[in-house]
>>> print(open('protein_0.txt').read())   # compact mmCIF, C-alpha atoms
# COMPACT_ATOMS: atom_id res chain seq x y z
CA MET A 1 63.75 102.60 104.86
CA SER A 2 66.24 99.88 105.90
CA VAL A 3 68.74 100.41 108.71
CA LYS A 4 71.69 99.99 106.35
CA TYR A 5 70.29 102.60 103.95
CA ARG A 6 69.68 105.07 106.77
CA LEU A 7 73.25 104.66 108.02
CA THR A 8 74.47 105.09 104.45
CA VAL A 9 72.76 108.50 104.28
CA MET A 10 74.36 109.43 107.62
CA SER A 11 77.81 108.41 106.39
CA PHE A 12 77.39 110.32 103.10
CA LEU A 13 76.43 113.58 104.83
CA GLN A 14 79.05 113.15 107.58
CA PHE A 15 81.90 113.49 105.14
CA PHE A 16 80.12 115.74 102.62
CA ILE A 17 80.28 118.43 105.32
CA TRP A 18 84.05 118.06 105.53
CA GLY A 19 84.76 117.63 101.83
CA ALA A 20 83.03 120.91 100.96
CA TRP A 21 85.94 122.91 102.41
CA LEU A 22 88.79 120.79 103.80
CA ILE A 23 90.76 120.29 100.57
CA THR A 24 90.07 123.73 99.10
CA VAL A 25 90.46 125.96 102.18
CA GLY A 26 94.15 126.40 101.33
CA ASN A 27 93.22 128.16 98.11
CA TYR A 28 90.77 130.37 100.02
CA TRP A 29 93.50 131.16 102.56
CA PHE A 30 96.47 131.78 100.25
CA ALA A 31 94.84 132.99 97.01
CA THR A 32 91.71 134.83 98.17
CA LYS A 33 92.76 136.12 101.58
CA GLN A 34 96.52 136.08 100.93
CA TRP A 35 97.36 135.23 104.53
CA SER A 36 100.65 133.60 105.65
CA GLY A 37 101.67 129.94 105.65
CA ALA A 38 102.59 129.66 109.33
CA GLU A 39 99.14 130.89 110.34
CA PHE A 40 97.57 128.38 107.97
CA GLY A 41 99.29 125.56 109.84
CA ALA A 42 97.66 126.87 113.01
CA ILE A 43 94.25 126.75 111.32
CA PHE A 44 94.64 123.06 110.54
CA SER A 45 95.88 122.42 114.05
CA THR A 46 92.34 123.26 115.23
CA LEU A 47 91.30 119.86 113.83
CA GLY A 48 93.84 118.25 116.12
CA LEU A 49 93.15 120.39 119.16
CA SER A 50 89.41 119.76 118.80
CA SER A 51 90.09 116.03 118.60
CA ILE A 52 92.12 116.24 121.80
CA LEU A 53 89.42 118.05 123.74
CA MET A 54 86.12 116.70 122.43
CA PRO A 55 85.89 113.05 121.22
CA ALA A 56 86.81 111.48 124.55
CA LEU A 57 84.43 113.86 126.36
CA THR A 58 81.53 113.26 123.97
CA GLY A 59 82.24 109.52 124.05
CA ILE A 60 81.89 109.59 127.83
CA ILE A 61 78.62 111.56 127.55
CA ALA A 62 77.26 109.06 125.00
CA ASP A 63 78.34 106.11 127.16
CA LYS A 64 76.82 107.46 130.37
CA PHE A 65 74.33 110.29 129.96
CA ILE A 66 72.61 110.89 126.59
CA ASN A 67 71.62 108.95 123.48
CA ALA A 68 74.54 108.94 121.04
CA GLU A 69 72.37 109.78 118.00
CA LYS A 70 70.91 112.85 119.78
CA LEU A 71 74.32 114.13 120.86
CA TYR A 72 75.51 113.54 117.29
CA GLY A 73 72.68 115.68 115.90
CA ILE A 74 73.16 118.52 118.39
CA LEU A 75 76.87 118.77 117.56
CA HIS A 76 76.21 118.99 113.81
CA ILE A 77 73.65 121.78 114.25
CA LEU A 78 76.01 123.80 116.45
CA GLY A 79 78.88 123.18 114.02
CA GLY A 80 76.70 124.35 111.14
CA ILE A 81 76.10 127.68 112.90
CA ALA A 82 79.86 128.26 113.20
CA LEU A 83 80.46 127.32 109.54
CA LEU A 84 77.75 129.75 108.49
CA TYR A 85 79.64 132.60 110.17
CA ILE A 86 83.11 131.89 108.69
CA PRO A 87 82.63 133.94 105.46
CA GLN A 88 82.05 137.05 107.59
CA VAL A 89 85.56 136.81 109.08
CA ASP A 90 88.20 139.16 107.65
CA ASN A 91 91.38 138.44 109.64
CA PRO A 92 93.43 135.29 110.48
CA THR A 93 92.93 135.51 114.24
CA SER A 94 89.14 135.64 114.05
CA PHE A 95 89.17 132.93 111.36
CA TYR A 96 91.14 130.71 113.74
CA TRP A 97 88.63 131.03 116.57
CA VAL A 98 85.55 130.54 114.40
CA ILE A 99 86.95 127.49 112.60
CA PHE A 100 88.06 126.20 116.01
CA ALA A 101 84.46 126.46 117.24
CA ALA A 102 83.25 124.59 114.15
CA MET A 103 85.83 121.84 114.66
CA LEU A 104 85.01 121.49 118.37
CA CYS A 105 81.58 120.40 117.16
CA TYR A 106 82.58 118.45 114.03
CA MET A 107 85.61 116.35 115.03
CA PRO A 108 83.89 114.33 117.78
CA THR A 109 81.11 113.40 115.34
CA ILE A 110 83.57 111.24 113.38
CA SER A 111 84.05 108.79 116.24
CA LEU A 112 80.42 109.21 117.31
CA SER A 113 79.26 108.22 113.83
CA ASN A 114 81.26 104.99 114.20
CA SER A 115 79.72 104.29 117.60
CA VAL A 116 76.20 105.02 116.35
CA ALA A 117 76.65 102.78 113.31
CA TYR A 118 78.19 99.92 115.32
CA THR A 119 75.42 100.08 117.93
CA ILE A 120 72.58 100.16 115.41
CA LEU A 121 74.06 97.36 113.31
CA LYS A 122 74.66 95.12 116.33
CA ASN A 123 71.16 95.79 117.68
CA ASN A 124 69.84 94.58 114.33
CA ASN A 125 72.08 91.48 114.32
CA PHE A 126 74.32 92.52 111.44
CA ASN A 127 77.95 91.38 111.06
CA VAL A 128 79.73 94.70 111.57
CA VAL A 129 82.99 93.65 109.88
CA LYS A 130 81.12 92.77 106.69
CA VAL A 131 78.39 95.40 106.73
CA PHE A 132 80.12 98.52 108.06
CA PRO A 133 82.82 99.07 105.36
CA PRO A 134 80.26 99.23 102.47
CA ILE A 135 78.30 101.78 104.53
CA ARG A 136 81.41 103.79 105.40
CA VAL A 137 82.45 103.89 101.77
CA TRP A 138 79.50 106.20 101.12
CA GLY A 139 81.14 108.70 103.44
CA THR A 140 84.00 108.84 100.98
CA VAL A 141 81.51 109.23 98.13
CA GLY A 142 80.02 112.17 100.05
CA PHE A 143 83.47 113.71 100.46
CA ILE A 144 84.13 113.34 96.72
CA ALA A 145 80.71 114.77 95.80
CA ALA A 146 81.37 117.84 97.95
CA MET A 147 84.83 118.36 96.42
CA TRP A 148 83.44 118.15 92.90
CA LEU A 149 80.56 120.48 93.74
CA THR A 150 82.98 123.04 95.18
CA ASN A 151 85.37 122.88 92.20
CA LEU A 152 82.86 122.60 89.35
CA SER A 153 80.72 125.42 90.75
CA GLY A 154 83.79 127.70 90.70
CA ASN A 155 84.06 127.91 94.49
CA LYS A 156 87.42 126.26 95.21
CA ALA A 157 88.74 129.62 96.44
CA SER A 158 85.37 131.10 97.46
CA ALA A 159 83.67 131.56 100.82
CA ASN A 160 80.67 129.71 99.38
CA MET A 161 82.35 126.42 100.34
CA PHE A 162 81.49 127.18 103.96
CA TYR A 163 77.83 127.85 103.14
CA ILE A 164 77.63 124.49 101.34
CA SER A 165 79.16 122.81 104.38
CA ALA A 166 76.87 124.61 106.85
CA VAL A 167 73.65 123.67 105.05
CA SER A 168 74.65 120.00 104.88
CA ALA A 169 75.51 120.10 108.62
CA PHE A 170 72.02 121.37 109.44
CA VAL A 171 70.45 118.64 107.29
CA LEU A 172 72.46 115.88 109.00
CA GLY A 173 71.81 117.33 112.44
CA ILE A 174 68.05 117.18 111.93
CA TYR A 175 68.25 113.77 110.23
CA SER A 176 70.19 112.34 113.20
CA PHE A 177 67.15 112.66 115.46
CA THR A 178 65.28 110.19 113.23
CA LEU A 179 67.87 107.42 113.62
CA PRO A 180 67.25 104.33 115.82
CA LYS A 181 67.95 105.04 119.47
CA CYS A 182 71.46 104.47 120.86
CA PRO A 183 70.92 104.87 124.61
CA PRO A 184 73.74 105.16 127.17
CA GLN A 185 75.09 101.86 128.47
CA LYS A 186 74.70 102.98 132.12
CA LEU A 187 76.51 99.86 133.26
CA ILE A 188 77.54 101.44 136.56
CA ALA A 189 77.86 99.28 139.68
CA GLU A 190 76.75 100.55 143.07
CA ASN A 191 80.34 100.47 144.32
CA ALA A 192 81.73 102.19 141.20
CA THR A 193 84.54 104.70 141.63
CA VAL A 194 84.16 108.37 140.78
CA ALA A 195 86.24 107.77 137.62
CA GLN A 196 83.89 104.98 136.55
CA LYS A 197 80.80 107.08 137.18
CA LEU A 198 82.21 109.90 135.04
CA GLY A 199 83.32 107.51 132.30
CA LEU A 200 87.00 108.30 132.81
CA ASP A 201 87.84 104.61 133.27
CA ALA A 202 88.46 104.38 129.52
CA PHE A 203 91.79 106.09 130.18
CA LYS A 204 92.94 102.94 131.98
CA LEU A 205 93.61 101.57 128.50
CA PHE A 206 96.85 103.57 128.58
CA GLY A 207 97.96 101.24 131.38
CA THR A 208 98.06 98.31 128.95
CA TYR A 209 101.35 98.16 127.03
CA LYS A 210 99.86 97.12 123.71
CA MET A 211 97.04 99.68 123.83
CA ALA A 212 99.39 102.43 125.01
CA LEU A 213 101.76 101.67 122.13
CA PHE A 214 98.84 101.53 119.70
CA PHE A 215 97.67 104.97 120.84
CA LEU A 216 101.24 106.33 120.68
CA PHE A 217 101.72 105.27 117.07
CA SER A 218 98.22 106.53 116.30
CA MET A 219 99.49 109.92 117.37
CA PHE A 220 102.69 109.71 115.30
CA LEU A 221 100.87 108.60 112.17
CA GLY A 222 98.13 111.11 112.89
CA GLY A 223 100.77 113.78 112.30
CA ALA A 224 100.76 112.78 108.62
CA LEU A 225 97.00 112.35 108.12
CA GLN A 226 96.08 115.91 107.25
CA LEU A 227 99.28 117.05 105.51
CA THR A 228 98.11 116.40 101.96
CA ASN A 229 94.65 117.73 102.82
CA MET A 230 96.35 120.90 104.01
CA TYR A 231 98.76 121.38 101.17
CA GLY A 232 97.78 119.06 98.30
CA ASP A 233 95.42 121.37 96.43
CA VAL A 234 97.72 124.36 96.97
CA PHE A 235 100.69 122.27 95.70
CA LEU A 236 98.87 121.42 92.47
CA SER A 237 97.49 124.93 92.00
CA GLU A 238 100.95 126.49 92.38
CA PHE A 239 102.15 124.66 89.26
CA GLY A 240 100.19 127.48 87.58
CA LYS A 241 103.12 129.79 88.40
CA ILE A 242 105.21 127.83 85.89
CA PRO A 243 104.22 128.97 82.36
CA GLU A 244 104.45 125.52 80.75
CA TYR A 245 102.00 124.10 83.30
CA ALA A 246 99.69 127.11 83.73
CA ASN A 247 96.87 125.73 81.55
CA SER A 248 97.21 122.07 82.49
CA ILE A 249 94.29 120.08 83.89
CA VAL A 250 96.26 119.64 87.11
CA VAL A 251 96.11 123.40 87.72
CA LYS A 252 92.61 124.10 86.35
CA LYS A 253 90.95 121.11 88.00
CA SER A 254 93.25 120.58 90.97
CA THR A 255 90.42 119.62 93.32
CA LEU A 256 89.14 117.01 90.87
CA ILE A 257 92.65 115.55 90.61
CA MET A 258 92.85 115.45 94.41
CA SER A 259 89.47 113.69 94.50
CA ILE A 260 91.16 110.64 92.95
CA SER A 261 92.48 110.13 96.48
CA GLN A 262 88.97 109.79 97.82
CA ILE A 263 87.82 107.67 94.87
CA SER A 264 90.60 105.22 95.68
CA GLU A 265 89.33 105.12 99.27
CA THR A 266 86.09 103.53 98.07
CA LEU A 267 88.04 100.55 96.76
CA PHE A 268 90.38 100.15 99.70
CA ILE A 269 87.58 100.47 102.28
CA LEU A 270 85.83 97.50 100.71
CA ALA A 271 89.10 95.53 100.83
CA ILE A 272 89.63 96.11 104.56
CA PRO A 273 87.74 93.01 105.82
CA PHE A 274 89.88 90.75 103.60
CA PHE A 275 93.15 92.41 104.64
CA LEU A 276 92.23 92.31 108.34
CA ARG A 277 91.41 88.62 108.24
CA ARG A 278 94.39 87.74 106.07
CA PHE A 279 97.11 89.87 107.64
CA GLY A 280 95.84 91.21 110.97
CA ILE A 281 95.85 94.67 112.50
CA LYS A 282 99.63 95.11 112.76
CA GLN A 283 100.33 94.29 109.13
CA VAL A 284 97.40 96.38 107.89
CA MET A 285 98.59 99.41 109.87
CA LEU A 286 102.16 98.85 108.68
CA ILE A 287 100.92 98.73 105.08
CA SER A 288 99.19 102.06 105.77
CA MET A 289 102.40 103.63 107.05
CA LEU A 290 104.41 102.49 104.03
CA ALA A 291 101.65 103.81 101.79
CA TRP A 292 102.14 107.24 103.38
CA VAL A 293 105.82 107.08 102.37
CA LEU A 294 104.72 106.48 98.77
CA ARG A 295 102.03 109.15 98.97
CA PHE A 296 104.54 111.86 99.86
CA GLY A 297 107.42 110.49 97.77
CA LEU A 298 105.38 110.38 94.56
CA PHE A 299 104.19 113.96 95.11
CA ALA A 300 107.84 115.00 95.53
CA TYR A 301 108.74 113.88 92.01
CA GLY A 302 105.42 114.47 90.23
CA ASP A 303 104.53 117.27 87.80
CA PRO A 304 101.65 118.03 85.37
CA ALA A 305 103.60 116.70 82.33
CA ASP A 306 105.89 113.64 82.36
CA GLY A 307 105.35 113.22 86.09
CA LEU A 308 101.55 113.27 85.93
CA TRP A 309 101.42 109.52 86.50
CA MET A 310 103.21 110.03 89.83
CA ILE A 311 100.62 112.56 90.99
CA ILE A 312 97.80 110.19 90.00
CA MET A 313 99.53 107.19 91.61
CA SER A 314 100.05 109.22 94.79
CA CYS A 315 96.32 109.91 94.87
CA ILE A 316 95.53 106.22 94.38
CA VAL A 317 97.91 105.19 97.17
CA TYR A 318 96.18 107.66 99.50
CA GLY A 319 93.14 105.42 99.79
CA MET A 320 95.23 102.67 101.34
CA ALA A 321 97.25 105.09 103.48
CA PHE A 322 94.27 106.85 105.03
CA ASP A 323 91.60 104.19 105.42
CA PHE A 324 93.74 101.21 106.34
CA PHE A 325 94.82 103.25 109.34
CA ASN A 326 91.58 104.94 110.38
CA ILE A 327 89.05 102.15 109.87
CA SER A 328 91.33 99.29 110.88
CA GLY A 329 92.31 101.21 113.99
CA SER A 330 88.66 101.83 114.81
CA LEU A 331 87.82 98.15 114.42
CA PHE A 332 90.85 97.23 116.55
CA VAL A 333 89.55 99.42 119.37
CA GLU A 334 86.13 97.84 118.94
CA THR A 335 87.56 94.33 119.39
CA THR A 336 89.73 95.09 122.41
CA THR A 337 87.51 97.19 124.68
CA ASP A 338 84.56 96.49 126.95
CA ALA A 339 81.08 97.55 125.81
CA SER A 340 80.70 99.95 128.75
CA ILE A 341 83.61 102.14 127.60
CA ARG A 342 83.49 101.54 123.84
CA SER A 343 82.36 105.03 122.78
CA SER A 344 84.94 106.50 125.16
CA ALA A 345 87.66 104.26 123.71
CA GLN A 346 86.76 105.33 120.17
CA GLY A 347 87.06 108.89 121.41
CA LEU A 348 90.54 108.18 122.76
CA PHE A 349 91.61 106.78 119.40
CA MET A 350 90.32 109.91 117.70
CA MET A 351 92.02 112.05 120.35
CA MET A 352 95.44 110.49 119.74
CA SER A 353 95.33 110.26 115.91
CA ASN A 354 93.23 113.19 114.73
CA GLY A 355 93.87 115.01 118.01
CA PHE A 356 97.44 115.19 119.29
CA GLY A 357 98.81 113.84 116.01
CA ALA A 358 96.99 116.24 113.70
CA PHE A 359 97.51 119.16 116.12
CA PHE A 360 101.29 118.83 116.20
CA GLY A 361 101.41 117.82 112.52
CA GLY A 362 99.48 120.90 111.43
CA LEU A 363 101.23 123.35 113.73
CA ILE A 364 104.80 122.09 113.21
CA SER A 365 104.44 121.59 109.44
CA GLY A 366 103.25 125.19 108.98
CA ILE A 367 106.21 126.57 110.93
CA VAL A 368 108.79 124.26 109.29
CA ILE A 369 107.54 124.92 105.75
CA ASP A 370 107.49 128.68 106.36
CA LYS A 371 110.98 128.72 107.91
CA TYR A 372 112.96 126.12 105.98
CA PHE A 373 111.15 125.47 102.69
CA THR A 374 109.84 128.89 101.67
CA HIS A 375 112.17 131.25 99.82
CA GLU A 376 111.07 134.69 98.63
CA GLY A 377 107.44 133.60 98.85
CA GLN A 378 108.01 130.38 96.85
CA ARG A 379 107.49 127.01 98.52
CA ASP A 380 110.01 124.23 97.73
CA TRP A 381 107.44 121.46 97.29
CA HIS A 382 109.97 118.80 96.23
CA ASN A 383 111.83 118.91 99.53
CA ILE A 384 108.66 119.49 101.55
CA TRP A 385 107.21 116.19 100.34
CA LEU A 386 110.54 114.37 100.76
CA ALA A 387 110.72 115.55 104.38
CA PHE A 388 107.20 114.23 104.99
CA ALA A 389 108.11 110.91 103.33
CA GLY A 390 111.16 110.55 105.56
CA TYR A 391 109.03 111.14 108.65
CA ALA A 392 106.51 108.47 107.61
CA LEU A 393 109.32 105.97 106.92
CA VAL A 394 110.83 106.45 110.39
CA VAL A 395 107.40 105.90 111.99
CA ALA A 396 106.83 102.75 109.92
CA ILE A 397 110.17 101.19 110.86
CA ALA A 398 109.67 101.95 114.55
CA PHE A 399 106.16 100.48 114.47
CA ALA A 400 107.35 97.27 112.74
CA VAL A 401 109.98 96.75 115.44
CA MET A 402 108.12 97.82 118.58
CA PHE A 403 104.45 96.83 118.16
CA LYS A 404 104.04 93.14 118.99
CA HIS A 405 100.71 91.65 118.01
CA GLN A 406 99.89 88.05 117.15
CA HIS A 407 97.24 87.81 114.47
CA HIS A 408 94.20 85.68 115.30
CA PRO A 409 91.46 85.78 112.61
CA GLU A 410 88.79 85.03 115.22
CA ASP A 411 89.56 88.38 116.92
CA VAL A 412 88.19 90.21 113.92
CA GLU A 413 85.02 88.13 114.01
CA HIS A 414 84.48 89.34 117.58
CA VAL A 415 83.36 92.70 116.20
CA ALA A 416 80.32 91.06 114.66
CA HIS A 417 78.88 90.02 118.01
>>> encode(input="protein_0.txt", output="structure tokens")
Amino acid sequence: MSVKYRLTVMSFLQFFIWGAWLITVGNYWFATKQWSGAEFGAIFSTLGLSSILMPALTGIIADKFINAEKLYGILHILGGIALLYIPQVDNPTSFYWVIFAAMLCYMPTISLSNSVAYTILKNNNFNVVKVFPPIRVWGTVGFIAAMWLTNLSGNKASANMFYISAVSAFVLGIYSFTLPKCPPQKLIAENATVAQKLGLDAFKLFGTYKMALFFLFSMFLGGALQLTNMYGDVFLSEFGKIPEYANSIVVKKSTLIMSISQISETLFILAIPFFLRRFGIKQVMLISMLAWVLRFGLFAYGDPADGLWMIIMSCIVYGMAFDFFNISGSLFVETTTDASIRSSAQGLFMMMSNGFGAFFGGLISGIVIDKYFTHEGQRDWHNIWLAFAGYALVVAIAFAVMFKHQHHPEDVEHVAH
């Protein structure tokens, strides 16, 4: 089996695990368990908190102490055990701690999967910029496949979504041990400082203005990354409370409609190399931020009838919004950091975007929606999405003004070597 094919399988399963429950957990929470909205925001904040605590730590471990592919496999097996237990939970507090345990294991595997793929591809003399996006696109296919399986099997509000996720986590965990070896760099000089020996020297990147600003905006944009994953399926499903929309495809097949977002990712991922070479990292990230404004704004005015095209267009725009930021940011870190701290640096990027950003985004959005946009149990989705759009627009304008980066096409080519 070729290296590219093996990494494709890894990418598919990596995001299949997530797609089995991430988009539909809101229905499980609100419809099946009938728990509150503020507490739901706290549940999604576990993704962020886990990304604060774990990716940088596991990146250091992979850089200094243990093969990255082995650590990757161990984390998936442990995460699968936690996912397997979730259906037994019968109260919000216990649910929080069990999902938190699962996310402590899962979130660092996202950046680790990038590091594993980059290492294996480089060791086999592949051009990472050209080869990685077509491999990564199969992660999106895996996410879509899991969403469709969950919805079409009648489990979009069922605990079975967690069993599907757990089994796939076990499969990937075992499969990881068969991947080509990705040993620690162990590039430690005899006179190295304690920080260097522990791998903490990656944090010196915050001392560079451009990198510090990059990480800061990663955090701000990270606050928007999970909002439609948190609330999108619930938003569409709640159109069912309006009699004229109750039997619409948007309500009956809400998860399939949401999967258009991931389908669009497959196209935009493949376009990333062109956009990076043509426009550079700043413009690509700015395009992503403006796409988030459209994502939220179109949801604000969409409905299952005359506004259906807005819902579909919002889902299409999502591919650009999500992947232009995540993958371009990952490649930017890859081009601007030393090999000895590269896994750690990828962990820092994950920590700021899917960590601090998603943590505060999930926690604050749950509180704000519950306090200001929920009246007599009904959520005011129009103004919720407009508020999110306004936030994304402010971030985009600030980024355009403050982040100074001269585009050099040869910088992108550096990733290939």
>>> closest_residue(input="protein_0.txt", among="A:Ser2, A:Asn27, A:Ser314, A:Asn67", to="Asn124 of chain A", atoms="all atoms listed in the file")
A:Ser2
>>> residues_near_point(input="protein_0.txt", point="(91.7, 103.8, 99.9)", cutoff="6 Å", atoms="all atoms listed in the file", output="list in words")
Ser264, Glu265, Thr266, Leu267, Phe268, Ile269, Tyr318, Gly319, Met320 and Asp323 of chain A
>>> residues_around(input="protein_0.txt", residues="Phe296 of chain A", least_positions_apart="3", cutoff="7 Å", atoms="all atoms listed in the file", output="list in words")
Trp292, Val293, Phe299, Ala300, Trp385, Leu386, Phe388 and Ala389 of chain A
>>> atom_distance(input="protein_0.txt", atom1="atom CA of Asp90 of chain A", atom2="atom CA of Gln378 of chain A")
24.2 Å
>>> atom_distance(input="protein_0.txt", atom1="atom CA of Ser168 of chain A", atom2="atom CA of Tyr85 of chain A")
14.5 Å
>>> closest_residue(input="protein_0.txt", among="A:Leu298, A:Asn247, A:Leu84, A:Gln283", to="Ile316 of chain A", atoms="only C-alpha atoms")
A:Leu298
>>> atom_distance(input="protein_0.txt", atom1="atom CA of Ser237 of chain A", atom2="atom CA of Trp21 of chain A")
15.7 Å
>>> residues_around(input="protein_0.txt", residues="Tyr163 of chain A", least_positions_apart="5", cutoff="12 Å", atoms="only C-alpha atoms", output="list in words")
Ile17, Trp18, Ala20, Trp21, Gly79, Gly80, Ile81, Ala82, Leu83, Leu84, Tyr85, Ile86, Pro87, Gln88, Ala146, Thr150, Asn155, Ser158, Ser168, Ala169 and Phe170 of chain A
